[in-house]
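Below is one structure; the comments refer to it alone.
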Amino acid sequence: MASIVVVDDEADVGDAIRRVLEHSGFEVRAVNDAEAGLRAIEERPPDIVVTDVIMPRMNGLELVKILRTRFPRVRVIAISGGGSLGIQTYKPDAISTHAYLAAVREVGAQEILTKPFDMDELLAAVRRQLPN
Amino acid sequence: MERVINSLRGRLLAVVLLINAALAPLLYLGLSRIVEEGYADLFVNSVRSYSRMVADQLEAVPSQDFAARSQDVLDDFAVSGLVVFAQIEDGTKRVRSAVSQLPAPGRGEDFHFHEHSDQAYYISHSVKRDDHEVVLRLGFDETPTLEQIAAAKRRVLAAVLAFALVSTVLAIALSRVIARPVVRLREAAKRIARGEVSTELLQHSSIAEMRELSHHLEHMRRELVGTSERLQSEIREREASEGKRLELERRLQHRERIATIGTLAGGMAHEFNNIMTPILLYSQLALNGTAQNGALASDLKRIVAAAHRARSLVNRILTFSREMDSQEARVFTLAPTVAEALALVRAIMPANIEIVVDPLEDTPPVSGDPGQLHQVVVNLCLNAYHAMRVAGGRLTLRLGAAEHAGKGGARERYAMLQVADTGHGMEPAVMQHIFDPFFTTREVGEGTGLGLSVVHGIVTSMGGSIQVESAPGRGARFTVLLPVATALEPAATDVA
């Protein structure tokens with residue numbers, strides 16, 4: 001049974017993803033920030049990490065970078081609904097959402113999903129990243 | 001009345017009249033005196049020489065029969081005109097002309113003409129006889145001379161009055177000549193004061209000072225009118241530019257408002273995307289565990305459909321806020337946008353690439369789309385990253401201001417963005433093509449080859465330029481220059 005770690009600062013989002021994935025038979029651990037996610041991964045490396053990009057303290061990009069060096073075999077699905085990495089005067093828009101997801105792909109995420117996504121889109125992405 | 005006295009002509013006339021009033025009596029009195037004295041002297045001299053002549057004749061009368069003979073002499077003289085009294089006194093004897101009209105005077109001799117009011121002038125003369133002296137007494141009529149004097153005085157009076165009259169008339173004429181240009185100047189000045197500034201002040205006067213004065217005044221008027229016209233046109237220009245400024249300010253405010261709405265919409269969209277995710281996932285999950293034909297499934301499908309609609313609405317809002325931004329160019333400074341892009345870049349860069357940022361001092365404002373600039377920075381940094389991804393290195397980012405000759409040759413100010421790497425660098429042949437679309441040196445699947453051409457397109461559309469300095473093994477340095485937005489002037493091409 002494949003193992004998945006879900007990282008999202010919004011508990012509602014993380015729980016919903018966990019429920020969907022559990023329902024499809026995956027073993028899921030959901031956490032609310034990148035540090036907790038890292039700890040969970042170190043404890044027991046999963047097959048897949050589903051992570052938000054824009055998060056307080058450590059953001060998804062940094063988490064993915066660490067995973068790429070320390071856990072190169074873990075597959076990453078990045079999810080984002082846009083936003084800003086913290087500059088107050090900067091205005092998030094369709095381009096910036098795209099820019100974050102492009103950036104996270106650049107650092108090594110295999111899949112990117114724009115929030116909100118359908119259950120089927122999530123499951124399809126997960127299945128693509130699983131070894132047959 | 002006071003107006004007349006205080007007017008220039010009134011004053012001039014008053015002066016002449018006062019002079020006349022003082023001068024005419026003096027003139028009259030003086031001339032009368034001269035006339036009087038002349039006539040009196042003439043009278044006295046002539047009567048005295050006349051009486052001497054009589055005395056000489058009497059001296060020649062022989063002694064015998066003196067009384068009768070002298071009577072004849074006296075009568076002869078007495079009838080001949082002025083003599084109105086003739087008498088010889090010899091001791092107690094008196095011989096008197098028969099024609100004497102006057103009684104014997106009670107006095108001896110007159111010294112001055114018209115000394116007494118009897119209108120007679122008496123002279124005594126001693127006449128030598130053989131052994132003794134007799135006294136000849138003559139009286140002359142003063143009346144004709146008095147009449148002559150009176151007539152002469154009348155003539156003098158007439159002359160003085162004529163002089164006064166003529167001088168007054170002349171004074172009136174002169175005062176008109178002097179006052180006329182002054183009066184005209186006053187009228188012209190009044191009209192100018194009323195606003196008819198084109199009224200000419202130049203006066204044709206025979207008086208040189210008047211002419212000069214009016215000439216100078218006219219010169220002054222033209223200067224003033226010119227100055228006033230210049231000031232008025234300046235005021236009109238100011239008003240026009242003030243109107244333009246207000247219009248620009250209004251547009252800027254409008255744009256700021258739109259930008260604020262855009263920022264709010266962007267932030268809200270992000271929140272909404274997060275909220276929509278569990279709604280969509282839970283309802284689809286619930287739908288999966290329900291009999292597909294039941295009422296619950298139908299309700300859940302409606303939730304899913306509504307969530308899809310909400311998702312597309314949020315996407316439209318994000319696209320809209322983005323379009324709003326690119327439609328109307330904003331005036332912004334580079335630092336905040338670059339800082340945001342840098343946050344992204346820092347996250348991307350692996351540990352073997354050091355990022356050096358010269359303090360992000362804010363640059364002069366530029367005009368354009370901050371989102372596009374964000375893309376420029378990210379693309380340039382990614383390009384640098386690709387050049388260094390194998391060997392590692394240092395990425396240097398710098399902001400500043402630059403100045404160089406613009407199209408017209410005049411110095412123009414630019415905001416400068418510089419991205420430098422210590423990567424593998426480029427051959428000149430490669431450098432020629434780096435901004436071409438789809439040109440790439442990366443392995444297939446590593447990049448689209450659109451990054452630098454997009455950068456070039458964006459920078460050019462903002463009216464800026466991009467330059468690259470590089471050599472194989474020496475890294476590369478990209479310098480982006482963006483024209484400084486003038487105060488409130490939006491980039492004309494974006495507005496039009």
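Letters A, B, ... go to the chains of the structure tokens in the order shown; residues in each chain start at 1; ligands are counted from 1 in the same order.
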
Discussion item. Just list as a PyMOL selection string whatever in segment 3-126 of chain A DSSP marks as strand (DSSP E).
Written reply: chain A and resi 3-7+27-31+48-52+75-80+111-114

Discussion item. Just want the 9 Å neighbourhood of Ser70 of chain B, counted on only C-alpha atoms, with same-chain residues fewer than 3 positions away dropped. Output as a ChimeraX atom specification.
Written reply: /B:57-58,61,65-67,73-75,88,95-97

Practice prompt. Determine which residues of chain B sit within 9 Å of chain A, taking into account only C-alpha atoms, and present them as a PyMOL selection string.
Written response: chain B and resi 259+262-267+269-282+284-285+307-308+311+315+317-319+321-322+336-337+339-341+343-350+370-372+374-375+378+382

Discussion item. Please determine, counting only C-alpha atoms, which residue among A:Met1, A:Ala30, A:Val53, A:Ala109 has the shortest atom-to-atom distance to Val74 of chain A.
Written reply: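 Using only C-alpha atoms, the shortest distance to Val74 of chain A belongs to A:Ala109.
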